[in-house]
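Working notes for the structure below.
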Amino acid sequence: MVIVAGLLIVQRLWLTALAMVASSVSGNIVVELVKLHVARPRPDIVTHLVTVTHMSFPSGHSANSAIVYLTLAGLASQVTQDRATRAYMLVVAILMVGAIGCSRVYLGVHWPSDVLAGWSFGTLWALAWWLATARARQAIGGERHAFGTPPTDPAAS
């Protein structure tokens, strides 16, 4: 996320960089607060293949991967004209989020419902930031678009 935010800043996509960082940081805080509140223990059916110390619900890896990768794909789609590039970014983000979530169950450190909750929260968080950023971009009259001419209606992409 830091590397991507740096690239966005170099490209003078200030709003996109700010939204990316704010989405990731705030989403992580919410996930940690929910973990503390729910306090669901991790599964102990199989021996964990990795060491884990926090509670299980929701899966932080699943939620944070959805927050970061889906937000990045969504925000990048607002400043990228090429339809194929936007589709590629979204497909890659979905595949990465899916693989990360599935790996948490495979490693034995989460119940499938933990992962599903993480994916659901992260996806909704990414959608909310996509919409808020599109509206902010529209309110300020756009943003310099380093990756080509923007779509005519950022909310429609």
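By convention in this document, the chains of the structure tokens carry letters A, B, ... by their order, each chain's residues are numbered from 1, and ligands are numbered from 1 in the order they are shown.
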
request  = Write out as an NGL selection string each polymer residue whose atoms come within 8 Å of Val68 in chain A, counting only C-alpha atoms; drop sequence neighbours fewer than 3 positions from it.
outcome  = :A and (1 or 20 or 23-24 or 64-65 or 71-72 or 126)

task = Within 12 Å of Val91 in chain A, counting only C-alpha atoms, which residues show up once you throw out same-chain ones fewer than 5 positions away? Write them as a count of residues only, please.
result = 10

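If only C-alpha atoms are the atoms counted, then among A:Leu75, A:Ile45, A:Val2, A:Val30 the closest residue to Arg135 in chain A is A:Leu75.
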
message = I want to know what sits within 12 Å of Trp111 in chain A, based on only C-alpha atoms, with residues of the same chain fewer than 3 positions away left out; could you give that as a VMD selection string?
response = chain A and resid 40 to 46 55 to 59 62 101 to 108 114 to 118

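Across the structure, CA of Ala63 in chain A and CA of Gly122 in chain A are spaced 4.5 Å apart.
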
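Distance-wise, CA of Leu127 in chain A and CA of Gln78 in chain A end up 12.5 Å apart.
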
Of the listed residues A:Ile67, A:Ala128, A:Ala93, A:Ile3, that which approaches Gly27 in chain A most closely, counting only C-alpha atoms = A:Ile67

message = Please identify the helix (DSSP H, G or I) residues within chain A (assignment by DSSP from backbone atoms) and present them as number ranges by chain.
response = A: 2-10, 14-38, 60-78, 83-106, 112-139, 154-156

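Interatomic distance, CA of Trp129 in chain A to CA of Ala76 in chain A: 12.1 Å.
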
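In this comparison, which uses only C-alpha atoms, the residue of A:Met89, A:His110, A:Gly6, A:Ala134 approaching His54 in chain A most closely is A:His110.
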